[in-house]
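Novice: Structure incoming, see below.
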Amino acid sequence: MKTVVIGVIGADVHAVGNKIIEHVLTEHGFNVVNIGVLSSQEDFINAAIETNAGAILVSSLYGHGEIDCKYMRENCQEAGLNHVKLYVGGNIVVGKQDFKEVETRFKKMGFDRVYPPGTNIEDAVKHLREDLGE
Amino acid sequence: MKTVVIGVIGADVHAVGNKIIEHVLTEHGFNVVNIGVLSSQEDFINAAIETNAGAILVSSLYGHGEIDCKYMRENCQEAGLNHVKLYVGGNIVVGKQDFKEVETRFKKMGFDRVYPPGTNIEDAVKHLREDLGE
Amino acid sequence: MITNKKIPWDTFLAKREEILRHWETGSSPMLDLDKAVETLKNIPDHKNFAKKLKQAKERGITLIQPRAGVALLDEHIKLMQYLQDEGEADFLPSTIDSYTRQNRYQNAQDGIKESERAGRSLLNGFPAVNYGVEGCKKVIDAINVPMQARHGTPDARLLTEIIHAAGWTSNEGGGISYNIPYAKNIGLEDTIRYWQYCDRLVGYYAEQGIEINREPYGPLTGTLVPPSISHTVAIIEAILAAEQGVKNITVGYGQGGNIVQDVAALQTLDELTNYYLKLFNYNDVFVTTVFHQWMGGFPADEAKSMGVIGLAASVAAQGKATKMITKSPHESQGVPTKEANAEGLKASKIVVNLLKEQSFPSSRDLKAEKEMIKKEVNALIYATLNVGKGDLAQGAVKAFARGLIDIPFAPSEMNAGKILPARDAEGRIRILEFGNLAFDDEIKAFHKERLEARAALENREVSFQMTIDDVYAVSMGTLVGKPRVRGNAA
Amino acid sequence: MITNKKIPWDTFLAKREEILRHWETGSSPMLDLDKAVETLKNIPDHKNFAKKLKQAKERGITLIQPRAGVALLDEHIKLMQYLQDEGEADFLPSTIDSYTRQNRYQNAQDGIKESERAGRSLLNGFPAVNYGVEGCKKVIDAINVPMQARHGTPDARLLTEIIHAAGWTSNEGGGISYNIPYAKNIGLEDTIRYWQYCDRLVGYYAEQGIEINREPYGPLTGTLVPPSISHTVAIIEAILAAEQGVKNITVGYGQGGNIVQDVAALQTLDELTNYYLKLFNYNDVFVTTVFHQWMGGFPADEAKSMGVIGLAASVAAQGKATKMITKSPHESQGVPTKEANAEGLKASKIVVNLLKEQSFPSSRDLKAEKEMIKKEVNALIYATLNVGKGDLAQGAVKAFARGLIDIPFAPSEMNAGKILPARDAEGRIRILEFGNLAFDDEIKAFHKERLEARAALENREVSFQMTIDDVYAVSMGTLVGKPRVRGNAA
Ligand code: B12
Ligand code: B12
């Protein structure tokens, strides 16, 4: 069973999507480690190390995602997490922005997959299967 | 008392504004000759000749104003109406269009004053007083 | 003198030959009646207007339809597809241009040419007669939902022949509702006769097993029309249609603005139409209702227009209208772009969807309003029957001539034009000047009392100024027009 | 142990010294209490939140307010002016950014700098503490309507000091409502204490003759919260505020989606809050209500969002909410542009204006729903009083600890998180899993029965899947979530 870490980064308390992601991924056979809302980069990284997770799914809804996710890839590497996949989704920037540009910004920051607002979490399931192998 | 001819041109049956224009202009002391809806250029011109009107206020709501008003100025001149003021208002073209352009088109056609959708008829009262003298 | 009697088939056929000669497209072989029956039989159920309405009524949901039509065929087809796919329209309309409505097919032809030259539509609708059966068939073939002609044509006989032969399974209009608000001096007898013809054609198709929907045009002038008056017209036209053999009828009502009155209107429209159809022994007519989003002057602001649209949709859904005609944020400006039209549709769609499990609770207030509407309609229908010596067609002509039925703000000289409506303190449409309207004293006293209550609140007299203020009110952002300072009107 | 007792002035002042040291802007001379009183007294009546609300309630109309806030002061002022002038907002908000809400003033400072550099707001709100009294004063001086801080700050003591000293006459929040939906592991005792402080400050100003409005945050998690649960929190917070001397309170409710339940909720919220305030002898508190337009996930489509907004506005107006918080067509995407925000306002404004003379008629259905809400609230308040041995502050802490009050989908560990809500067949929010919620068997049986009726209709079991379907429903365009085909979720 593939292990994935999920949670909501920064000072963000949007809990609904997070609970639903846990439910859906579990139903799809993943071992879901949910660190919940108000989680720091450190919390994500520690959880991934402890559980030997294949992917970290960062949620950010409240708009500060761009600030909160800064250097996350570098911090993973520093912690020795070289192969973990980094996904991010939700409403990851402030305001309605052109998603192509947003995606480019986050890919430059080292995220493997970037999702626009209201993404169907089932889409990520396909990607997880591709990226983690099954 | 200044005489003005009002009516709705072409195959247009929008009667509400016409009834209100009659009421308001009469209240403001004009001698209003209302030829009603479904009126042709000829109807307007004949009424203006018969009543020696100073201005013709053409309403066009339904969108065919551009076709219906073609050569109206020329037809006035042909009928000997050289000094009559020509106003047009309502929803005089099809669709939401840039009003500046619409105004230019109708001014080229010889209209003295051109009004955008939803014009307060009281505005025209001011203009009538300016144009006809008091 | 006109009577409400089914047109004998021979008479119809004789007239038909003449009608088909009104414009060159009348000579199409597709107008052969057997061919037309075949075309109509090939229309699948999901593209049949009558069947889709029946389903909706049985499910208790509200379906949506825009107004839309442009001069050029290809553009019109693209517009229809867009409103279907992007706008999620359940039904599509071809709104017919105003020249065609006045049977000025040559003007329409010129309009097509000028539009081609200008690269934009110079006509305010789709000139269906000029495109003929073949053109209209292309339209229905290109879409996946039922198609209806929507117009305002006093004499729509050729138009009707063409659209049905093309497989369009609904037609809006009626001898009164497409005359009084849409013409100046065409006789009511004439237009009733024209529409008997249109209905007779639908009746013929019904005999061949083809269900076609007919929709008397509900909102009339769209401006402060009291529900009882538009209901009366709708019921008369439903009965005239039923006599000609029409089996599927949608009666309509234009949003008044007061929610209780609007829901009462929708419920009584359905109840009364069914009641009168049965009373006159038309027992197999399926009745549905259509609610028109606010038909009067719209606010200039697009966001505010969207607010009006959302509110309207909530009323249609709560009143369980079977269908709703939507408006767009461009309403006050001009014929909407396809995008603006789709915006009105989508805002409407989500509201009727969100409310589809809900209906307006019955209450004392609602019941009283319904009772009032019924009393008024009964009075008007009774008076019509009376002057018609039991014949509703004759009655209608005479009732209008004498002002027993009277429609506010109508351009037609066949209409007395003596009544004046105004809103009461809660925004319900009442009448302040009755002319000869066939209301008894009790009903009149009720209206008077309600309007005086408002006048007292506003510290003024009941007068025509109230009517004027109410005409402008919605476009100015309120329902009940407030007294304005002189020189500050509009 | 915390108690519902007015904080002695000395204790307050001692605490105040400490609070003002939390961030450098706390040292402003404008925070001198006499100076603050002077500032507040200079606020004219039309910019006083409490007074404008009172007027609206007396006139029976619904006023509107957006959410809005950006990182940079000048931009924020422009935004406010735009929403006032173009959006016709009756009240303005300064929505505070999320770092400030977590008292991370240094992060907020960085956010201001980064926003300056980027030329666009990187913060999701206005960092009022960082701008201090002087900055906040500039905001209120630049506008013509009352100003309120809207946030979600568990410990808003410094923020509260600053905004009131700047002349902002309303503050949203409360010890429960700004904890459970907005925090993870901050104790309820702590947040109740923090908010007693905020209320005590308002109580002090009241003693100086200054009316300041306080607004417990009604919608909680905004996601399928049954009205009785949010009402209970609102009432408890109203009473805690009243004890500290607050005299003008606005209790809130987030649109549920079923019109009858929403109107019942608005009416009972007003009735119950007044009832309990009087029961506990707070006799001079003026209560108003605020209706929040749909607080759950919005549809992605902007036109559909406008539909939701129009519908919401119609409910607020019919339920006679005193104020309504508006959403924008950008809701599902992100913090709206000022234009989008104004669109939401204008659509809302016209709807409340059109309906201002109307109210929802009383009916058997409405009465029954109101009775049910009242029964449930009474049960919850009674249980809270019971575990608190008559003290509502203590009671609240214990009731949450034991799950007697329980809020669905809340992030806080102080919340049991055991109840599961779902909609019944008409879309009314009911409960399928009660955890320890303090409902008696009769109430539970009612909920069960309603949900089973829905399950039967949908041919499935009552289960968590229903809750999930309902969470997504509105963003997918319906109210009651339909069973989805597996692999087709979301
Ligand atoms: C009510 C209405 C109707 C009623 C009219 C009833 C009747 N017989 O009077 C009905 C439902 C029958 C109707 C029919 C049609 N209508 Co219509 N109708 C309207 C509507 C909603 C309101 C018009 C109204 O009464 N306003 C209130 C009065 C008081 O205001 P007013 O008419 O604008 O007039 C005032 C000012 O404009 C100004 N004014 C007018 N003329 C002049 C002239 C001068 C010189 C000056 C200074 C001022 C001035 O002063 C007036 C008094 O204040 C408008 C849209 C809107 N405005 O919201 C569409 C609208 C005018 N209709 C429209 C159309 C297309 C039609 C139809 C062709 C098709 C259809 N949709 O069914 C048919 C046309 C039939 C025909 N042959 O004419 C379009 C026109 C489109 C365009 N120009 O691009 C509009 C704009 C709707 C739209 N956006 O599509 N309509
Ligand atoms: C409900 C809600 C709230 C509730 C949250 C209650 C709670 N504790 O959970 C309350 C009212 C408390 C709240 C508060 C705030 N909110 Co809020 N909130 C929403 C709202 C309306 C719905 C969110 C939701 O629950 N959706 C339903 C769930 C199921 O969907 P979801 O969260 O989007 O998650 C799904 C997908 O996005 C996807 N997904 C999510 N993460 C990831 C990650 C990966 C890797 C993948 C593949 C997929 C994925 O899968 C999830 C499940 O399907 C949204 C707007 C909207 N979407 O309509 C705003 C919104 C998210 N909030 C917003 C803001 C700004 C705030 C506040 C700062 C200010 C405010 N408006 O009061 C505070 C923030 C507090 C804080 N510190 O976080 C903004 C964010 C703006 C931005 N990014 O530009 C939004 C977009 C509203 C807006 N347009 O302004 N909010």
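The way I read the labels, and the way they are meant: chains A, B, ... in the order of the structure tokens, residue 1 as the first residue of every chain, and ligand 1 as the first ligand shown, with later ones counted on from there.
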Define the interface residues of chain A facing chain D as those within 12 Å, counting only C-alpha atoms, and report them as an MDAnalysis selection string.

Specialist: chainID A and resid 7:8 10:25 27:28 35:39 60:68 90:99 116:126

Novice: Report, to one decimal in Å, the C-alpha RMSD of chain B against chain A after an in-order least-squares superposition over all those atoms.

Specialist: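 The optimal C-alpha superposition leaves an RMSD of 0.0 Å.
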
Novice: At a cut-off of 6 Å, which residues of chain D touch chain C? Count only C-alpha atoms and give the answer as a PyMOL selection string.

Specialist: chain D and resi 303-304+307+310-311+343+346-347+350-351+353-354+357-358+363+426+477-479

Novice: Give me, as a PDB file with all heavy atoms, in the first residue's frame, the residues of chain B that a backbone DSSP run labels strand (DSSP E or B).

Specialist:
```
ATOM      1  N   THR B   3     -44.100  73.127 -30.591  1.00  0.00           N
ATOM      2  CA  THR B   3     -44.685  71.852 -30.999  1.00  0.00           C
ATOM      3  C   THR B   3     -43.597  70.837 -31.334  1.00  0.00           C
ATOM      4  O   THR B   3     -42.629  71.164 -32.027  1.00  0.00           O
ATOM      5  CB  THR B   3     -45.583  72.075 -32.230  1.00  0.00           C
ATOM      6  OG1 THR B   3     -46.635  72.958 -31.860  1.00  0.00           O
ATOM      7  CG2 THR B   3     -46.159  70.749 -32.726  1.00  0.00           C
ATOM      8  N   VAL B   4     -43.754  69.632 -30.824  1.00  0.00           N
ATOM      9  CA  VAL B   4     -42.824  68.553 -31.174  1.00  0.00           C
ATOM     10  C   VAL B   4     -43.627  67.332 -31.597  1.00  0.00           C
ATOM     11  O   VAL B   4     -44.712  67.064 -31.060  1.00  0.00           O
ATOM     12  CB  VAL B   4     -41.899  68.179 -30.002  1.00  0.00           C
ATOM     13  CG1 VAL B   4     -40.979  69.338 -29.624  1.00  0.00           C
ATOM     14  CG2 VAL B   4     -42.682  67.718 -28.783  1.00  0.00           C
ATOM     15  N   VAL B   5     -43.081  66.610 -32.576  1.00  0.00           N
ATOM     16  CA  VAL B   5     -43.715  65.360 -33.009  1.00  0.00           C
ATOM     17  C   VAL B   5     -42.966  64.201 -32.367  1.00  0.00           C
ATOM     18  O   VAL B   5     -41.732  64.166 -32.398  1.00  0.00           O
ATOM     19  CB  VAL B   5     -43.660  65.231 -34.545  1.00  0.00           C
ATOM     20  CG1 VAL B   5     -44.140  63.855 -34.984  1.00  0.00           C
ATOM     21  CG2 VAL B   5     -44.476  66.332 -35.199  1.00  0.00           C
ATOM     22  N   ILE B   6     -43.708  63.298 -31.756  1.00  0.00           N
ATOM     23  CA  ILE B   6     -43.062  62.095 -31.210  1.00  0.00           C
ATOM     24  C   ILE B   6     -43.725  60.856 -31.811  1.00  0.00           C
ATOM     25  O   ILE B   6     -44.872  60.909 -32.283  1.00  0.00           O
ATOM     26  CB  ILE B   6     -43.121  62.027 -29.671  1.00  0.00           C
ATOM     27  CG1 ILE B   6     -44.557  61.777 -29.182  1.00  0.00           C
ATOM     28  CG2 ILE B   6     -42.549  63.287 -29.030  1.00  0.00           C
ATOM     29  CD1 ILE B   6     -44.630  61.405 -27.700  1.00  0.00           C
ATOM     30  N   GLY B   7     -42.991  59.747 -31.792  1.00  0.00           N
ATOM     31  CA  GLY B   7     -43.516  58.498 -32.316  1.00  0.00           C
ATOM     32  C   GLY B   7     -42.448  57.433 -32.322  1.00  0.00           C
ATOM     33  O   GLY B   7     -41.283  57.706 -32.011  1.00  0.00           O
ATOM     34  N   VAL B   8     -42.858  56.217 -32.656  1.00  0.00           N
ATOM     35  CA  VAL B   8     -41.943  55.091 -32.675  1.00  0.00           C
ATOM     36  C   VAL B   8     -41.858  54.615 -34.120  1.00  0.00           C
ATOM     37  O   VAL B   8     -42.875  54.312 -34.747  1.00  0.00           O
ATOM     38  CB  VAL B   8     -42.442  53.964 -31.745  1.00  0.00           C
ATOM     39  CG1 VAL B   8     -41.403  52.854 -31.633  1.00  0.00           C
ATOM     40  CG2 VAL B   8     -42.790  54.514 -30.368  1.00  0.00           C
ATOM     41  N   ILE B   9     -40.643  54.533 -34.635  1.00  0.00           N
ATOM     42  CA  ILE B   9     -40.488  54.343 -36.077  1.00  0.00           C
ATOM     43  C   ILE B   9     -40.450  52.872 -36.498  1.00  0.00           C
ATOM     44  O   ILE B   9     -40.065  52.003 -35.707  1.00  0.00           O
ATOM     45  CB  ILE B   9     -39.219  55.098 -36.582  1.00  0.00           C
ATOM     46  CG1 ILE B   9     -39.296  55.359 -38.095  1.00  0.00           C
ATOM     47  CG2 ILE B   9     -37.954  54.311 -36.237  1.00  0.00           C
ATOM     48  CD1 ILE B   9     -38.270  56.372 -38.580  1.00  0.00           C
ATOM     49  N   ASN B  31     -46.341  71.318 -26.855  1.00  0.00           N
ATOM     50  CA  ASN B  31     -47.488  70.844 -27.609  1.00  0.00           C
ATOM     51  C   ASN B  31     -47.046  69.550 -28.300  1.00  0.00           C
ATOM     52  O   ASN B  31     -46.296  69.588 -29.272  1.00  0.00           O
ATOM     53  CB  ASN B  31     -47.911  71.898 -28.632  1.00  0.00           C
ATOM     54  CG  ASN B  31     -49.051  71.397 -29.483  1.00  0.00           C
ATOM     55  OD1 ASN B  31     -49.909  70.644 -28.995  1.00  0.00           O
ATOM     56  ND2 ASN B  31     -49.059  71.779 -30.755  1.00  0.00           N
ATOM     57  N   VAL B  32     -47.475  68.434 -27.746  1.00  0.00           N
ATOM     58  CA  VAL B  32     -46.958  67.149 -28.210  1.00  0.00           C
ATOM     59  C   VAL B  32     -47.893  66.509 -29.220  1.00  0.00           C
ATOM     60  O   VAL B  32     -49.079  66.295 -28.951  1.00  0.00           O
ATOM     61  CB  VAL B  32     -46.760  66.179 -27.028  1.00  0.00           C
ATOM     62  CG1 VAL B  32     -46.188  64.860 -27.530  1.00  0.00           C
ATOM     63  CG2 VAL B  32     -45.855  66.792 -25.966  1.00  0.00           C
ATOM     64  N   VAL B  33     -47.366  66.236 -30.398  1.00  0.00           N
ATOM     65  CA  VAL B  33     -48.132  65.519 -31.410  1.00  0.00           C
ATOM     66  C   VAL B  33     -47.597  64.087 -31.444  1.00  0.00           C
ATOM     67  O   VAL B  33     -46.475  63.856 -31.887  1.00  0.00           O
ATOM     68  CB  VAL B  33     -47.956  66.185 -32.793  1.00  0.00           C
ATOM     69  CG1 VAL B  33     -48.737  65.411 -33.852  1.00  0.00           C
ATOM     70  CG2 VAL B  33     -48.371  67.642 -32.719  1.00  0.00           C
ATOM     71  N   ASN B  34     -48.385  63.170 -30.929  1.00  0.00           N
ATOM     72  CA  ASN B  34     -47.903  61.793 -30.795  1.00  0.00           C
ATOM     73  C   ASN B  34     -48.493  60.914 -31.895  1.00  0.00           C
ATOM     74  O   ASN B  34     -49.687  60.644 -31.911  1.00  0.00           O
ATOM     75  CB  ASN B  34     -48.288  61.237 -29.421  1.00  0.00           C
ATOM     76  CG  ASN B  34     -47.640  59.883 -29.162  1.00  0.00           C
ATOM     77  OD1 ASN B  34     -46.956  59.313 -30.028  1.00  0.00           O
ATOM     78  ND2 ASN B  34     -47.848  59.360 -27.949  1.00  0.00           N
ATOM     79  N   SER B  39     -44.806  53.789 -36.878  1.00  0.00           N
ATOM     80  CA  SER B  39     -44.911  54.964 -37.740  1.00  0.00           C
ATOM     81  C   SER B  39     -43.772  54.996 -38.759  1.00  0.00           C
ATOM     82  O   SER B  39     -42.631  54.682 -38.442  1.00  0.00           O
ATOM     83  CB  SER B  39     -44.877  56.242 -36.898  1.00  0.00           C
ATOM     84  OG  SER B  39     -46.002  56.280 -36.039  1.00  0.00           O
ATOM     85  N   ALA B  55     -39.403  70.213 -33.762  1.00  0.00           N
ATOM     86  CA  ALA B  55     -38.528  69.049 -33.618  1.00  0.00           C
ATOM     87  C   ALA B  55     -39.315  67.764 -33.789  1.00  0.00           C
ATOM     88  O   ALA B  55     -40.510  67.700 -33.480  1.00  0.00           O
ATOM     89  CB  ALA B  55     -37.846  69.058 -32.243  1.00  0.00           C
ATOM     90  N   ILE B  56     -38.607  66.756 -34.290  1.00  0.00           N
ATOM     91  CA  ILE B  56     -39.168  65.406 -34.380  1.00  0.00           C
ATOM     92  C   ILE B  56     -38.355  64.523 -33.451  1.00  0.00           C
ATOM     93  O   ILE B  56     -37.128  64.464 -33.564  1.00  0.00           O
ATOM     94  CB  ILE B  56     -39.069  64.866 -35.820  1.00  0.00           C
ATOM     95  CG1 ILE B  56     -39.937  65.702 -36.767  1.00  0.00           C
ATOM     96  CG2 ILE B  56     -39.471  63.395 -35.870  1.00  0.00           C
ATOM     97  CD1 ILE B  56     -39.847  65.264 -38.234  1.00  0.00           C
ATOM     98  N   LEU B  57     -39.028  63.861 -32.507  1.00  0.00           N
ATOM     99  CA  LEU B  57     -38.349  62.949 -31.600  1.00  0.00           C
ATOM    100  C   LEU B  57     -38.686  61.528 -32.015  1.00  0.00           C
ATOM    101  O   LEU B  57     -39.794  61.045 -31.762  1.00  0.00           O
ATOM    102  CB  LEU B  57     -38.794  63.178 -30.147  1.00  0.00           C
ATOM    103  CG  LEU B  57     -38.044  64.269 -29.370  1.00  0.00           C
ATOM    104  CD1 LEU B  57     -38.257  65.641 -30.008  1.00  0.00           C
ATOM    105  CD2 LEU B  57     -38.469  64.275 -27.916  1.00  0.00           C
ATOM    106  N   VAL B  58     -37.729  60.893 -32.655  1.00  0.00           N
ATOM    107  CA  VAL B  58     -37.943  59.524 -33.109  1.00  0.00           C
ATOM    108  C   VAL B  58     -37.529  58.554 -32.006  1.00  0.00           C
ATOM    109  O   VAL B  58     -36.424  58.637 -31.490  1.00  0.00           O
ATOM    110  CB  VAL B  58     -37.095  59.234 -34.366  1.00  0.00           C
ATOM    111  CG1 VAL B  58     -37.267  57.791 -34.813  1.00  0.00           C
ATOM    112  CG2 VAL B  58     -37.442  60.208 -35.482  1.00  0.00           C
ATOM    113  N   SER B  59     -38.432  57.658 -31.648  1.00  0.00           N
ATOM    114  CA  SER B  59     -38.064  56.558 -30.757  1.00  0.00           C
ATOM    115  C   SER B  59     -37.873  55.308 -31.586  1.00  0.00           C
ATOM    116  O   SER B  59     -38.643  55.041 -32.510  1.00  0.00           O
ATOM    117  CB  SER B  59     -39.173  56.272 -29.739  1.00  0.00           C
ATOM    118  OG  SER B  59     -39.263  57.288 -28.789  1.00  0.00           O
ATOM    119  N   SER B  60     -36.830  54.564 -31.257  1.00  0.00           N
ATOM    120  CA  SER B  60     -36.684  53.238 -31.844  1.00  0.00           C
ATOM    121  C   SER B  60     -36.123  52.336 -30.773  1.00  0.00           C
ATOM    122  O   SER B  60     -35.052  52.571 -30.230  1.00  0.00           O
ATOM    123  CB  SER B  60     -35.760  53.258 -33.052  1.00  0.00           C
ATOM    124  OG  SER B  60     -35.583  51.919 -33.495  1.00  0.00           O
ATOM    125  N   LYS B  85     -35.534  70.060 -36.116  1.00  0.00           N
ATOM    126  CA  LYS B  85     -34.504  69.330 -35.376  1.00  0.00           C
ATOM    127  C   LYS B  85     -34.886  67.859 -35.360  1.00  0.00           C
ATOM    128  O   LYS B  85     -36.052  67.513 -35.137  1.00  0.00           O
ATOM    129  CB  LYS B  85     -34.414  69.843 -33.946  1.00  0.00           C
ATOM    130  CG  LYS B  85     -33.917  71.280 -33.847  1.00  0.00           C
ATOM    131  CD  LYS B  85     -32.413  71.354 -34.061  1.00  0.00           C
ATOM    132  CE  LYS B  85     -31.982  72.798 -34.267  1.00  0.00           C
ATOM    133  NZ  LYS B  85     -30.565  72.900 -34.691  1.00  0.00           N
ATOM    134  N   LEU B  86     -33.889  67.003 -35.547  1.00  0.00           N
ATOM    135  CA  LEU B  86     -34.143  65.554 -35.507  1.00  0.00           C
ATOM    136  C   LEU B  86     -33.430  64.929 -34.310  1.00  0.00           C
ATOM    137  O   LEU B  86     -32.209  64.984 -34.223  1.00  0.00           O
ATOM    138  CB  LEU B  86     -33.634  64.893 -36.799  1.00  0.00           C
ATOM    139  CG  LEU B  86     -34.497  64.971 -38.052  1.00  0.00           C
ATOM    140  CD1 LEU B  86     -33.843  64.199 -39.189  1.00  0.00           C
ATOM    141  CD2 LEU B  86     -35.890  64.382 -37.755  1.00  0.00           C
ATOM    142  N   TYR B  87     -34.227  64.353 -33.406  1.00  0.00           N
ATOM    143  CA  TYR B  87     -33.666  63.648 -32.250  1.00  0.00           C
ATOM    144  C   TYR B  87     -33.997  62.160 -32.416  1.00  0.00           C
ATOM    145  O   TYR B  87     -35.052  61.814 -32.953  1.00  0.00           O
ATOM    146  CB  TYR B  87     -34.326  64.091 -30.940  1.00  0.00           C
ATOM    147  CG  TYR B  87     -34.033  65.493 -30.464  1.00  0.00           C
ATOM    148  CD1 TYR B  87     -33.457  66.466 -31.288  1.00  0.00           C
ATOM    149  CD2 TYR B  87     -34.353  65.837 -29.144  1.00  0.00           C
ATOM    150  CE1 TYR B  87     -33.214  67.756 -30.813  1.00  0.00           C
ATOM    151  CE2 TYR B  87     -34.111  67.114 -28.664  1.00  0.00           C
ATOM    152  CZ  TYR B  87     -33.544  68.077 -29.500  1.00  0.00           C
ATOM    153  OH  TYR B  87     -33.312  69.335 -29.020  1.00  0.00           O
ATOM    154  N   VAL B  88     -33.140  61.313 -31.916  1.00  0.00           N
ATOM    155  CA  VAL B  88     -33.473  59.888 -31.916  1.00  0.00           C
ATOM    156  C   VAL B  88     -32.994  59.256 -30.611  1.00  0.00           C
ATOM    157  O   VAL B  88     -31.945  59.629 -30.070  1.00  0.00           O
ATOM    158  CB  VAL B  88     -32.876  59.150 -33.151  1.00  0.00           C
ATOM    159  CG1 VAL B  88     -31.341  59.205 -33.146  1.00  0.00           C
ATOM    160  CG2 VAL B  88     -33.348  57.701 -33.227  1.00  0.00           C
ATOM    161  N   GLY B  89     -33.800  58.347 -30.085  1.00  0.00           N
ATOM    162  CA  GLY B  89     -33.427  57.712 -28.808  1.00  0.00           C
ATOM    163  C   GLY B  89     -34.115  56.377 -28.639  1.00  0.00           C
ATOM    164  O   GLY B  89     -34.962  55.984 -29.442  1.00  0.00           O
ATOM    165  N   GLY B  90     -33.739  55.680 -27.583  1.00  0.00           N
ATOM    166  CA  GLY B  90     -34.279  54.342 -27.307  1.00  0.00           C
ATOM    167  C   GLY B  90     -33.145  53.332 -27.331  1.00  0.00           C
ATOM    168  O   GLY B  90     -32.064  53.595 -26.809  1.00  0.00           O
ATOM    169  N   ARG B 113     -29.462  65.134 -32.387  1.00  0.00           N
ATOM    170  CA  ARG B 113     -29.156  64.617 -31.055  1.00  0.00           C
ATOM    171  C   ARG B 113     -29.501  63.133 -31.020  1.00  0.00           C
ATOM    172  O   ARG B 113     -30.531  62.710 -31.536  1.00  0.00           O
ATOM    173  CB  ARG B 113     -29.944  65.353 -29.974  1.00  0.00           C
ATOM    174  CG  ARG B 113     -29.660  66.857 -29.973  1.00  0.00           C
ATOM    175  CD  ARG B 113     -29.791  67.422 -28.585  1.00  0.00           C
ATOM    176  NE  ARG B 113     -29.580  68.858 -28.573  1.00  0.00           N
ATOM    177  CZ  ARG B 113     -28.550  69.447 -27.945  1.00  0.00           C
ATOM    178  NH1 ARG B 113     -27.662  68.716 -27.296  1.00  0.00           N
ATOM    179  NH2 ARG B 113     -28.434  70.762 -27.947  1.00  0.00           N
ATOM    180  N   VAL B 114     -28.608  62.400 -30.384  1.00  0.00           N
ATOM    181  CA  VAL B 114     -28.747  60.951 -30.344  1.00  0.00           C
ATOM    182  C   VAL B 114     -28.617  60.515 -28.886  1.00  0.00           C
ATOM    183  O   VAL B 114     -27.699  60.939 -28.181  1.00  0.00           O
ATOM    184  CB  VAL B 114     -27.628  60.293 -31.191  1.00  0.00           C
ATOM    185  CG1 VAL B 114     -27.827  58.791 -31.287  1.00  0.00           C
ATOM    186  CG2 VAL B 114     -27.559  60.920 -32.579  1.00  0.00           C
TER     187      VAL B 114
END
```

Novice: Give the answer as one residue: which of D:Pro483, D:Gly175, D:Gly254, D:Gly26 has the shortest atom-to-atom distance to ligand 2, using only C-alpha atoms and all ligand atoms?

Specialist: D:Gly254

Novice: Contacts of Ala265 (chain C) at 9 Å or less, counting only C-alpha atoms, minus same-chain residues fewer than 2 places along, as a ChimeraX atom specification?

Specialist: /C:227-228,231,253,260-263,267-270,319,369-370,373

Novice: Any idea what the distance is between CA of Met295 (chain D) and atom 9 (O, counted along the ligand's line) of ligand 2?

Specialist: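 We find that CA of Met295 (chain D) and atom 9 (O, counted along the ligand's line) of ligand 2 lie 10.4 Å from each other.
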
Novice: Could you please write out, as a ChimeraX atom specification, every residue of chain B that DSSP assigns to alpha helix (DSSP H)?

Specialist: /B:16-27,41-51,65-68,72-78,99-108,121-132

Novice: If you count only C-alpha atoms, which residues fall within 10 Å of Cys76 (chain B), apart from same-chain ones fewer than 4 positions away, as a list in words?

Specialist: Gln41, Glu42, Phe44, Ile45, Asn46, Ala48, Ile49, Tyr71, Met72, Gly80, Leu81, Asn82, His83, Val84 and Leu86 of chain B

Novice: Neighbours of Leu188 (chain D) within 10 Å (only C-alpha atoms; same-chain residues fewer than 4 positions away dropped), as a PyMOL selection string?

Specialist: chain D and resi 2+154+175-176+178-180+192-194+393-394+396-398+400-401+412-415

Novice: Select, from C:Glu243, C:Glu452, C:Asp10, C:Glu172, the residue with the minimum atom-to-atom distance to ligand 1, counting only C-alpha atoms and all ligand atoms.

Specialist: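 Using only C-alpha atoms and all ligand atoms, ligand 1 sits closest to C:Glu172.
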